[in-house]
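Enquirer: Provided below: run-v8.cif, containing mmCIF, C-alpha atoms.
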```
data_coords
#
loop_
_atom_site.label_atom_id
_atom_site.label_comp_id
_atom_site.auth_asym_id
_atom_site.auth_seq_id
_atom_site.Cartn_x
_atom_site.Cartn_y
_atom_site.Cartn_z
CA MET A 1 -18.94 -0.79 16.85
CA LYS A 2 -19.88 -4.46 16.87
CA THR A 3 -17.56 -7.29 17.83
CA ASP A 4 -19.57 -10.32 16.70
CA GLY A 5 -17.75 -13.30 15.27
CA GLY A 6 -19.43 -12.98 11.88
CA ALA A 7 -17.76 -9.65 11.16
CA LEU A 8 -14.38 -11.07 12.18
CA VAL A 9 -14.78 -14.03 9.83
CA THR A 10 -15.81 -11.71 6.99
CA LEU A 11 -12.79 -9.47 7.68
CA ALA A 12 -10.41 -12.43 7.78
CA GLY A 13 -11.78 -13.96 4.58
CA PHE A 14 -11.81 -10.72 2.64
CA PHE A 15 -8.30 -9.59 3.53
CA ALA A 16 -6.76 -13.06 3.17
CA VAL A 17 -8.09 -13.24 -0.40
CA LEU A 18 -7.24 -9.60 -1.11
CA SER A 19 -3.63 -10.08 0.00
CA LEU A 20 -3.14 -12.60 -2.81
CA PHE A 21 -4.26 -10.01 -5.37
CA ALA A 22 -2.36 -7.07 -3.88
CA ILE A 23 0.39 -6.88 -6.46
CA GLY A 24 2.48 -3.75 -6.30
CA GLY A 25 1.85 -3.06 -2.64
CA GLY A 26 -0.84 -1.63 -0.41
CA ASN A 27 -2.00 1.29 -2.52
CA SER A 28 -2.99 -0.86 -5.47
CA ALA A 29 -5.50 -2.72 -3.26
CA VAL A 30 -7.27 0.47 -2.11
CA PRO A 31 -10.04 0.43 -4.78
CA GLU A 32 -11.01 -3.13 -3.83
CA MET A 33 -11.01 -2.21 -0.11
CA HIS A 34 -13.31 0.70 -0.97
CA ARG A 35 -15.63 -1.43 -3.11
CA PHE A 36 -15.98 -4.11 -0.42
CA SER A 37 -16.13 -2.05 2.78
CA VAL A 38 -18.29 0.81 1.42
CA ASP A 39 -20.38 -0.62 -1.45
CA VAL A 40 -20.76 -4.28 -0.45
CA GLN A 41 -20.58 -4.47 3.37
CA HIS A 42 -21.56 -0.86 4.24
CA TRP A 43 -19.00 -0.90 7.05
CA LEU A 44 -17.95 2.64 6.18
CA THR A 45 -19.43 5.62 4.40
CA ASP A 46 -17.54 7.24 1.53
CA ARG A 47 -16.50 10.01 3.91
CA GLN A 48 -15.26 7.59 6.56
CA PHE A 49 -13.27 5.69 3.94
CA ALA A 50 -11.56 8.88 2.77
CA ASP A 51 -10.81 9.72 6.43
CA THR A 52 -9.43 6.22 7.01
CA PHE A 53 -7.13 6.59 4.01
CA ALA A 54 -5.99 10.01 5.23
CA LEU A 55 -5.27 8.72 8.75
CA ALA A 56 -3.30 5.76 7.38
CA GLN A 57 -1.24 8.13 5.26
CA LEU A 58 -0.52 10.23 8.35
CA THR A 59 0.71 7.17 10.26
CA PRO A 60 4.33 6.13 9.68
CA GLY A 61 4.89 2.58 8.45
CA PRO A 62 3.81 0.43 5.51
CA ASN A 63 0.85 1.67 3.44
CA LEU A 64 -0.97 -1.56 4.24
CA ILE A 65 -1.57 -0.28 7.78
CA ILE A 66 -4.91 1.04 6.42
CA VAL A 67 -6.07 -2.59 6.73
CA ALA A 68 -5.70 -2.45 10.53
CA LEU A 69 -7.71 0.78 10.67
CA ILE A 70 -10.57 -0.66 8.60
CA GLY A 71 -10.54 -3.72 10.88
CA TYR A 72 -10.54 -1.50 13.96
CA HIS A 73 -13.50 0.43 12.64
CA VAL A 74 -15.49 -2.76 12.03
CA ALA A 75 -14.68 -4.74 15.20
CA GLY A 76 -12.30 -2.83 17.49
CA VAL A 77 -8.87 -4.15 18.50
CA ALA A 78 -9.84 -7.73 17.60
CA GLY A 79 -10.90 -6.52 14.16
CA ALA A 80 -7.60 -4.71 13.61
CA LEU A 81 -5.57 -7.78 14.61
CA VAL A 82 -7.65 -10.21 12.55
CA ALA A 83 -7.61 -8.01 9.44
CA MET A 84 -3.87 -7.39 9.60
CA LEU A 85 -3.05 -11.04 10.32
CA ALA A 86 -5.20 -12.13 7.37
CA MET A 87 -3.51 -9.57 5.12
CA CYS A 88 0.07 -10.46 6.14
CA GLY A 89 -0.05 -14.09 7.29
CA PRO A 90 -0.61 -16.09 4.08
CA THR A 91 1.58 -13.87 1.90
CA GLY A 92 4.26 -13.80 4.60
CA VAL A 93 4.44 -17.60 4.67
CA PHE A 94 4.51 -17.63 0.86
CA ALA A 95 7.34 -15.08 0.81
CA PHE A 96 9.27 -17.18 3.33
CA PHE A 97 9.27 -20.20 1.05
CA VAL A 98 9.90 -18.24 -2.15
CA GLY A 99 12.80 -16.47 -0.45
CA ARG A 100 14.47 -19.82 0.17
CA ALA A 101 13.96 -21.06 -3.40
CA SER A 102 14.52 -17.81 -5.25
CA ASP A 103 18.14 -18.12 -6.33
CA ARG A 104 17.19 -20.45 -9.18
CA PHE A 105 14.50 -18.01 -10.29
CA LYS A 106 16.22 -14.73 -11.09
CA GLN A 107 17.29 -13.70 -14.60
CA SER A 108 15.06 -16.34 -16.19
CA ARG A 109 12.83 -15.46 -19.13
CA TRP A 110 9.80 -15.95 -16.88
CA HIS A 111 11.18 -13.41 -14.46
CA VAL A 112 11.41 -10.76 -17.19
CA ALA A 113 7.97 -11.53 -18.65
CA LEU A 114 6.40 -11.40 -15.17
CA SER A 115 8.02 -8.06 -14.42
CA HIS A 116 7.12 -6.45 -17.75
CA GLY A 117 3.62 -7.88 -17.56
CA LEU A 118 2.85 -6.82 -13.99
CA VAL A 119 4.16 -3.25 -14.06
CA PRO A 120 1.42 -1.78 -16.32
CA VAL A 121 -1.29 -3.53 -14.27
CA THR A 122 0.16 -2.01 -11.11
CA VAL A 123 0.19 1.44 -12.72
CA GLY A 124 -3.49 1.05 -13.64
CA LEU A 125 -4.35 -0.08 -10.10
CA ILE A 126 -2.61 2.83 -8.40
CA ALA A 127 -4.25 5.24 -10.86
CA SER A 128 -7.57 3.71 -9.77
CA SER A 129 -6.65 4.32 -6.13
CA ALA A 130 -5.98 7.97 -6.89
CA LEU A 131 -9.36 8.29 -8.61
CA VAL A 132 -11.25 6.49 -5.83
CA ILE A 133 -9.66 8.63 -3.10
CA ALA A 134 -10.16 11.84 -5.10
CA THR A 135 -13.84 11.12 -5.77
CA THR A 136 -14.53 10.22 -2.13
CA ALA A 137 -12.59 13.16 -0.64
CA ASP A 138 -13.05 15.99 -3.14
CA ALA A 139 -16.39 17.66 -2.59
CA GLY A 140 -15.77 21.21 -3.76
CA LEU A 141 -13.51 23.57 -5.63
CA VAL A 142 -11.01 23.92 -2.79
CA THR A 143 -10.49 20.18 -2.33
CA VAL A 144 -10.11 19.64 -6.07
CA ALA A 145 -7.57 22.47 -6.09
CA ILE A 146 -5.67 20.80 -3.20
CA THR A 147 -5.54 17.50 -5.11
CA LEU A 148 -4.32 19.08 -8.35
CA THR A 149 -1.80 21.36 -6.64
CA THR A 150 -0.35 18.47 -4.62
CA ALA A 151 -0.14 16.35 -7.77
CA LEU A 152 1.69 19.04 -9.74
CA VAL A 153 4.03 20.10 -6.94
CA SER A 154 5.07 16.58 -5.96
CA TYR A 155 5.54 15.60 -9.59
CA PHE A 156 7.87 18.47 -10.41
CA VAL A 157 9.54 19.15 -7.02
CA ARG A 158 11.09 16.70 -4.56
CA VAL A 159 9.13 17.62 -1.46
CA HIS A 160 8.38 15.55 1.64
CA PRO A 161 4.72 14.37 1.63
CA LEU A 162 4.23 15.61 5.19
CA TRP A 163 4.50 19.22 3.99
CA ALA A 164 1.62 18.71 1.57
CA PHE A 165 -0.45 17.04 4.30
CA ALA A 166 0.35 19.83 6.78
CA ALA A 167 -0.63 22.54 4.32
CA ALA A 168 -3.87 20.74 3.43
CA ALA A 169 -4.73 20.18 7.11
CA LEU A 170 -4.09 23.86 7.82
CA LEU A 171 -6.47 24.88 5.02
CA GLY A 172 -9.05 22.60 6.62
CA LEU A 173 -8.42 23.96 10.12
CA VAL A 174 -8.98 27.58 9.10
CA GLY A 175 -12.24 26.54 7.42
CA LEU A 176 -11.38 26.84 3.73
CA VAL A 177 -12.10 23.17 2.90
CA MET B 178 28.03 -8.44 10.75
CA ARG B 179 25.02 -10.72 10.95
CA PRO B 180 22.23 -9.09 13.02
CA THR B 181 20.60 -10.98 15.89
CA VAL B 182 16.84 -11.61 16.11
CA SER B 183 16.30 -8.64 18.44
CA GLU B 184 18.45 -6.40 16.22
CA LEU B 185 16.22 -7.38 13.30
CA PHE B 186 13.11 -6.42 15.26
CA ILE B 187 14.57 -3.07 16.31
CA ALA B 188 15.87 -2.30 12.81
CA PHE B 189 12.50 -2.90 11.14
CA ALA B 190 10.63 -1.03 13.88
CA THR B 191 12.97 1.94 13.28
CA ILE B 192 12.41 1.76 9.52
CA SER B 193 8.67 1.57 10.02
CA LEU B 194 8.39 4.51 12.40
CA SER B 195 10.60 6.77 10.27
CA GLY B 196 8.70 6.06 7.06
CA PHE B 197 5.80 8.31 6.20
CA GLY B 198 3.97 7.42 3.00
CA GLY B 199 5.86 4.20 2.36
CA VAL B 200 9.06 2.87 3.84
CA LEU B 201 11.19 1.84 0.87
CA ALA B 202 13.59 4.79 1.03
CA TRP B 203 14.16 4.32 4.75
CA SER B 204 14.75 0.61 4.52
CA ARG B 205 17.40 1.13 1.87
CA ARG B 206 19.14 3.82 3.91
CA LEU B 207 19.31 1.69 7.05
CA MET B 208 20.11 -1.71 5.51
CA VAL B 209 22.55 -0.61 2.82
CA GLU B 210 24.06 2.69 3.93
CA GLU B 211 24.08 2.57 7.73
CA LYS B 212 24.21 -1.07 8.84
CA ARG B 213 25.74 -2.47 5.63
CA TRP B 214 23.76 -5.68 6.02
CA LEU B 215 23.22 -5.74 2.23
CA THR B 216 25.14 -4.46 -0.77
CA PRO B 217 23.18 -2.17 -3.15
CA GLU B 218 22.98 -5.09 -5.62
CA GLN B 219 21.65 -7.48 -2.99
CA PHE B 220 19.09 -4.90 -1.93
CA ASN B 221 17.81 -4.38 -5.50
CA GLU B 222 17.73 -8.10 -6.16
CA THR B 223 15.76 -8.88 -2.99
CA TYR B 224 13.40 -5.98 -3.56
CA ALA B 225 12.74 -6.96 -7.19
CA LEU B 226 11.84 -10.44 -6.03
CA CYS B 227 9.39 -8.98 -3.48
CA ALA B 228 7.65 -6.89 -6.13
CA PHE B 229 6.45 -10.09 -7.85
CA LEU B 230 5.10 -11.68 -4.71
CA PRO B 231 1.54 -10.98 -3.60
CA GLY B 232 1.16 -8.76 -0.53
CA GLY B 233 2.99 -5.64 0.58
CA ASN B 234 6.45 -5.38 -0.98
CA ILE B 235 8.19 -4.22 2.15
CA LEU B 236 6.42 -6.82 4.29
CA ASN B 237 7.68 -9.57 1.99
CA PHE B 238 11.10 -7.96 2.06
CA SER B 239 11.22 -8.11 5.85
CA VAL B 240 10.20 -11.79 5.89
CA ILE B 241 12.73 -12.83 3.26
CA PHE B 242 15.58 -10.77 4.68
CA GLY B 243 14.96 -11.78 8.30
CA SER B 244 14.54 -15.46 7.55
CA ARG B 245 17.61 -15.66 5.33
CA LEU B 246 19.71 -14.36 8.23
CA ARG B 247 18.06 -15.94 11.25
CA GLY B 248 15.58 -18.56 10.04
CA PRO B 249 11.81 -18.44 10.60
CA LEU B 250 12.23 -16.61 13.92
CA GLY B 251 14.25 -13.89 12.20
CA GLY B 252 11.55 -13.45 9.56
CA LEU B 253 8.89 -13.24 12.25
CA ALA B 254 10.90 -10.68 14.25
CA ALA B 255 11.42 -8.52 11.16
CA ILE B 256 7.76 -8.42 10.10
CA ALA B 257 6.63 -7.93 13.71
CA GLY B 258 8.96 -4.93 13.99
CA LEU B 259 7.59 -3.55 10.75
CA ILE B 260 3.87 -3.76 11.56
CA GLY B 261 3.73 -3.89 15.38
CA PRO B 262 4.54 -0.26 16.28
CA PRO B 263 2.42 1.38 13.53
CA MET B 264 -0.48 -0.92 14.46
CA LEU B 265 -0.43 0.30 18.06
CA LEU B 266 -0.24 3.84 16.77
CA ILE B 267 -3.10 3.49 14.30
CA MET B 268 -5.39 1.82 16.83
CA ALA B 269 -4.85 4.80 19.15
CA ILE B 270 -5.63 7.09 16.20
CA GLY B 271 -8.71 5.00 15.40
CA ALA B 272 -9.94 5.36 19.00
CA VAL B 273 -9.51 9.14 18.86
CA TYR B 274 -11.28 9.25 15.49
CA ALA B 275 -14.20 7.18 16.83
CA HIS B 276 -14.76 9.80 19.53
CA TYR B 277 -13.91 13.04 17.78
CA GLY B 278 -14.29 12.17 14.10
CA ASP B 279 -17.37 14.34 13.81
CA LEU B 280 -15.79 17.55 15.13
CA PRO B 281 -16.11 20.01 12.23
CA ALA B 282 -12.51 21.26 12.42
CA LEU B 283 -11.07 17.72 12.46
CA ARG B 284 -13.43 16.70 9.64
CA ARG B 285 -12.21 19.54 7.45
CA MET B 286 -8.54 18.81 8.24
CA LEU B 287 -8.93 15.14 7.31
CA THR B 288 -10.77 16.01 4.11
CA GLY B 289 -7.88 18.30 3.22
CA VAL B 290 -5.31 15.57 3.91
CA ALA B 291 -7.27 13.00 1.89
CA SER B 292 -7.43 15.41 -1.06
CA ALA B 293 -3.68 15.97 -0.83
CA ALA B 294 -3.09 12.21 -0.57
CA ALA B 295 -5.05 11.68 -3.79
CA GLY B 296 -2.81 14.25 -5.47
CA LEU B 297 0.30 12.47 -4.21
CA LEU B 298 -0.92 9.20 -5.70
CA MET B 299 -1.51 10.94 -9.03
CA ALA B 300 2.09 12.19 -9.05
CA THR B 301 3.35 8.69 -8.16
CA VAL B 302 1.34 7.17 -11.01
CA ALA B 303 2.62 9.75 -13.47
CA LYS B 304 6.21 8.90 -12.52
CA MET B 305 5.62 5.15 -12.61
CA ALA B 306 3.91 5.35 -16.00
CA GLN B 307 6.80 7.07 -17.81
CA PRO B 308 8.86 3.91 -18.48
CA LEU B 309 5.77 2.32 -20.06
CA PHE B 310 5.75 4.96 -22.78
CA ARG B 311 9.51 5.19 -23.14
CA ARG B 312 9.80 1.67 -24.49
CA GLY B 313 7.76 2.82 -27.47
CA ALA B 314 5.22 0.06 -26.93
CA VAL B 315 1.45 0.46 -27.06
CA THR B 316 0.75 -2.65 -24.97
CA GLY B 317 1.94 -1.28 -21.61
CA PRO B 318 -0.09 1.95 -21.68
CA ALA B 319 -3.10 0.04 -23.06
CA ILE B 320 -2.98 -2.54 -20.24
CA ALA B 321 -2.64 0.24 -17.65
CA LEU B 322 -5.60 2.10 -19.16
CA ILE B 323 -7.83 -0.99 -19.32
CA THR B 324 -7.00 -1.82 -15.68
CA PHE B 325 -7.76 1.78 -14.68
CA VAL B 326 -11.15 1.79 -16.43
CA ALA B 327 -12.17 -1.64 -15.08
CA ILE B 328 -11.18 -0.96 -11.45
CA GLY B 329 -11.23 2.82 -11.05
CA VAL B 330 -14.17 3.76 -13.27
CA MET B 331 -16.34 0.64 -13.52
CA HIS B 332 -15.59 -0.58 -9.95
CA TRP B 333 -15.45 -4.21 -11.06
CA PRO B 334 -14.18 -6.77 -8.50
CA LEU B 335 -10.39 -6.96 -8.38
CA PRO B 336 -9.97 -10.80 -8.54
CA LEU B 337 -12.11 -11.00 -11.70
CA VAL B 338 -10.28 -8.19 -13.44
CA LEU B 339 -6.84 -9.51 -12.51
CA ALA B 340 -7.78 -13.05 -13.57
CA VAL B 341 -8.21 -11.70 -17.11
CA ILE B 342 -5.69 -8.89 -17.37
CA VAL B 343 -2.65 -10.42 -15.63
CA PRO B 344 -2.35 -13.56 -17.81
CA ALA B 345 -3.00 -11.43 -20.91
CA SER B 346 -0.35 -8.89 -19.94
CA ILE B 347 2.28 -11.45 -18.96
CA GLY B 348 1.52 -13.46 -22.10
CA MET B 349 2.07 -10.44 -24.32
CA ALA B 350 5.30 -9.59 -22.49
CA TRP B 351 6.43 -13.20 -23.02
CA VAL B 352 5.69 -13.12 -26.74
CA ARG B 353 7.22 -9.68 -27.24
CA ARG B 354 10.66 -10.76 -26.11
#
```
Taking this structure as input, can you express it in the form of structure tokens?

Expert:
Amino acid sequence: MKTDGGALVTLAGFFAVLSLFAIGGGNSAVPEMHRFSVDVQHWLTDRQFADTFALAQLTPGPNLIIVALIGYHVAGVAGALVAMLAMCGPTGVFAFFVGRASDRFKQSRWHVALSHGLVPVTVGLIASSALVIATTADAGLVTVAITLTTALVSYFVRVHPLWAFAAAALLGLVGLV
Amino acid sequence: MRPTVSELFIAFATISLSGFGGVLAWSRRLMVEEKRWLTPEQFNETYALCAFLPGGNILNFSVIFGSRLRGPLGGLAAIAGLIGPPMLLIMAIGAVYAHYGDLPALRRMLTGVASAAAGLLMATVAKMAQPLFRRGAVTGPAIALITFVAIGVMHWPLPLVLAVIVPASIGMAWVRR
């Protein structure tokens, strides 16, 4: 684990820019986080990225908390703080000002076009996240079966995600994964 | 009853720590049903606004809600409550992972959880995609598919892809109305 300033600057720059493109929340930015931290910077291996995603899912709180864990992996506590601040700071300030001015904005034709235009992009981005996580985590028949079973069960039944995670972790613990 | 700055911090920390896999449901329960700080209409309106803004939806929500009630300090308290506690938690988890991440049993458990998490995302996408088809339009599903191929399959950089697809999608939504 290195804590040089260069890595911190790279983290800050990447996540500050990424935050501006993270429409539809944390999970739609996962493919870009994977591309940059695994393929471009080689901060993490595929396996470590899948682990990082799993750990973030197991932690309560906003999905974007995965950003802090990537930062922590790259540069310890300083890395976690820098990455999270970069991800939340600029957009937070932006939201603050939009929140004050927003009453004039709602119900306009722009509002509707923005909403209808952004939703399909968000769907495509989250689908990409699912594919990226599945291809990094699924290495055999059992893991593929876990993915497909979880997908089917949580689509058709209202079940708390923690049950799926617990069952999958148990399968791993007893050595089936 | 208008919450104080410290009440805002505590409320968002509570929401954050009770929310596994996203915190939207918990924030609605606390703000609308328990504390009655917002009517259901106000909640939907504020949340819809946050979905357009870059960055995490719930993070933007906390900033806008907190600052509308208690100014900049209120916004800061709300977002700090939302990300502070899970950040401490995930850094502790990151430290444990750095030491024990290579234990075979833990490795297999995390792989299982990541596979399940991929399945959960697939179910979420399937649910989110339904309204795109229901409107009988081809554009929505086509935009989602193109985004998925560009990001998920081709691994192209997110800013480049969004720079093309977002204006195109919003433009088509604008014309369609």

Enquirer: Apply the PyMOL selection byres ((chain A and resi 130-138) around 6) to the structure shown and report the selected residues as a PyMOL selection string.

Expert: (chain A and resi 46+50+127-129+139-140+143-144) or (chain B and resi 288+291-292+295+298-299)

Enquirer: Since we have the selection now, will you write its residues out, keeping C-alpha atoms, as a short mmCIF file (atom, residue, chain, number, x, y, z; two decimals), in the coordinates of the input?

Expert:
```
data_model
loop_
_atom_site.label_atom_id
_atom_site.label_comp_id
_atom_site.auth_asym_id
_atom_site.auth_seq_id
_atom_site.Cartn_x
_atom_site.Cartn_y
_atom_site.Cartn_z
CA ASP A 46 -17.54 7.24 1.53
CA ALA A 50 -11.56 8.88 2.77
CA ALA A 127 -4.25 5.24 -10.86
CA SER A 128 -7.57 3.71 -9.77
CA SER A 129 -6.65 4.32 -6.13
CA ALA A 139 -16.39 17.66 -2.59
CA GLY A 140 -15.77 21.21 -3.76
CA THR A 143 -10.49 20.18 -2.33
CA VAL A 144 -10.11 19.64 -6.07
CA THR B 288 -10.77 16.01 4.11
CA ALA B 291 -7.27 13.00 1.89
CA SER B 292 -7.43 15.41 -1.06
CA ALA B 295 -5.05 11.68 -3.79
CA LEU B 298 -0.92 9.20 -5.70
CA MET B 299 -1.51 10.94 -9.03
#
```

Enquirer: For the provided coordinates, the residues matched by the PyMOL selection byres ((chain B and resi 264-272) around 8) should be stated as a VMD selection string.

Expert: (chain A and resid 55 to 56 59 65 68 to 69 72 to 73 77 80) or (chain B and resid 260 to 263 273 to 276)

Enquirer: Residues of the last selection are to be written out with C-alpha atoms, as a JSON list (two decimals), in the frame of the given file.

Expert:
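Now in result.json:
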```json
[["chain", "number", "residue", "atom", "x", "y", "z"],
["A", 55, "LEU", "CA", -5.27, 8.72, 8.75],
["A", 56, "ALA", "CA", -3.30, 5.76, 7.38],
["A", 59, "THR", "CA", 0.71, 7.17, 10.26],
["A", 65, "ILE", "CA", -1.57, -0.28, 7.78],
["A", 68, "ALA", "CA", -5.70, -2.45, 10.53],
["A", 69, "LEU", "CA", -7.71, 0.78, 10.67],
["A", 72, "TYR", "CA", -10.54, -1.50, 13.96],
["A", 73, "HIS", "CA", -13.50, 0.43, 12.64],
["A", 77, "VAL", "CA", -8.87, -4.15, 18.50],
["A", 80, "ALA", "CA", -7.60, -4.71, 13.61],
["B", 260, "ILE", "CA", 3.87, -3.76, 11.56],
["B", 261, "GLY", "CA", 3.73, -3.89, 15.38],
["B", 262, "PRO", "CA", 4.54, -0.26, 16.28],
["B", 263, "PRO", "CA", 2.42, 1.38, 13.53],
["B", 273, "VAL", "CA", -9.51, 9.14, 18.86],
["B", 274, "TYR", "CA", -11.28, 9.25, 15.49],
["B", 275, "ALA", "CA", -14.20, 7.18, 16.83],
["B", 276, "HIS", "CA", -14.76, 9.80, 19.53]]
```

Enquirer: Applied to the shown file, which residues does the PyMOL selection byres ((chain A and resi 152) around 12) return, written as a list of chain:residue names?

Expert: A:Ala145, A:Ile146, A:Thr147, A:Leu148, A:Thr149, A:Thr150, A:Ala151, A:Val153, A:Ser154, A:Tyr155, A:Phe156, A:Val157, A:Arg158, A:Val159, A:Ala164, B:Ala293, B:Ala295, B:Gly296, B:Leu297, B:Leu298, B:Met299, B:Ala300, B:Thr301, B:Val302, B:Ala303, B:Lys304

Enquirer: Quick one: residues within 12 Å of Thr216 (chain B), all atoms listed in the file counted, chain neighbours fewer than 6 positions away excluded, as a PyMOL selection string?

Expert: chain B and resi 205-210+222-223

Enquirer: Go ahead and write the residues just picked, C-alpha atoms, as a PDB file, in the frame of the given file.

Expert:
```pdb
ATOM      1  CA  ARG B 205      17.400   1.130   1.870  1.00  0.00           C
ATOM      2  CA  ARG B 206      19.140   3.820   3.910  1.00  0.00           C
ATOM      3  CA  LEU B 207      19.310   1.690   7.050  1.00  0.00           C
ATOM      4  CA  MET B 208      20.110  -1.710   5.510  1.00  0.00           C
ATOM      5  CA  VAL B 209      22.550  -0.610   2.820  1.00  0.00           C
ATOM      6  CA  GLU B 210      24.060   2.690   3.930  1.00  0.00           C
ATOM      7  CA  GLU B 222      17.730  -8.100  -6.160  1.00  0.00           C
ATOM      8  CA  THR B 223      15.760  -8.880  -2.990  1.00  0.00           C
TER       9      THR B 223
END
```

Enquirer: Which one of B:Gly251, B:Gly196, B:Pro344, B:Gly278 sits closest to chain A if you count all atoms listed in the file?

Expert: B:Gly196

Enquirer: Work out how far apart CA of Pro249 (chain B) and CA of Gly92 (chain A) are and give it in Å to one decimal.

Expert: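 Computed distance, CA of Pro249 (chain B) to CA of Gly92 (chain A), equals 10.7 Å.
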
Enquirer: Show which residues sit within 7 Å of Gly233 (chain B), as a PDB file with C-alpha atoms, in the coordinates of the input. Count only C-alpha atoms, and ignore same-chain residues fewer than 5 positions away.

Expert:
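For reference, result-v4.pdb as written:
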```pdb
ATOM      1  CA  GLY A  25       1.850  -3.060  -2.640  1.00  0.00           C
ATOM      2  CA  GLY A  26      -0.840  -1.630  -0.410  1.00  0.00           C
ATOM      3  CA  LEU A  64      -0.970  -1.560   4.240  1.00  0.00           C
TER       4      LEU A  64
END
```

Enquirer: Contacts of Ser204 (chain B) at 12 Å or less, counting only C-alpha atoms, minus same-chain residues fewer than 4 places along, as a PyMOL selection string?

Expert: (chain A and resi 61-62) or (chain B and resi 185+188-197+199-200+208-215+217+220-221+224+234-236+238-239+242+255+259)

Enquirer: May I ask which of the residues B:Pro318, B:Gly232, B:Gly248, B:Pro334 is the closest one to Asn27 (chain A), counting only C-alpha atoms?

Expert: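 Smallest separation from Asn27 (chain A) among the options: B:Gly232.
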
Enquirer: Could you give me, as CSV, a per-residue list for region 12-128 of chain A showing, wherever an atom lies at most 8 Å from an atom of region 321-330 of chain B, the closest pair of atoms and their distance in Å to one decimal, using all atoms listed in the file and sorting by chain then residue number from low to high?

Expert:
```
residue,atom,partner,partner_atom,distance
A:Pro31,CA,B:Gly329,CA,6.8
A:Glu32,CA,B:Ile328,CA,7.9
A:Pro120,CA,B:Ala321,CA,4.7
A:Val121,CA,B:Ala321,CA,5.2
A:Thr122,CA,B:Ala321,CA,7.5
A:Val123,CA,B:Ala321,CA,5.8
A:Gly124,CA,B:Ala321,CA,4.2
A:Leu125,CA,B:Phe325,CA,6.0
A:Ala127,CA,B:Phe325,CA,6.2
A:Ser128,CA,B:Gly329,CA,4.0
```

Enquirer: Nearest to chain B among A:Ala101, A:Leu176, A:Leu20, A:Val38, with distances taken over only C-alpha atoms: which residue is it?

Expert: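 Between A:Ala101, A:Leu176, A:Leu20, A:Val38, the residue approaching chain B most closely is A:Leu20.
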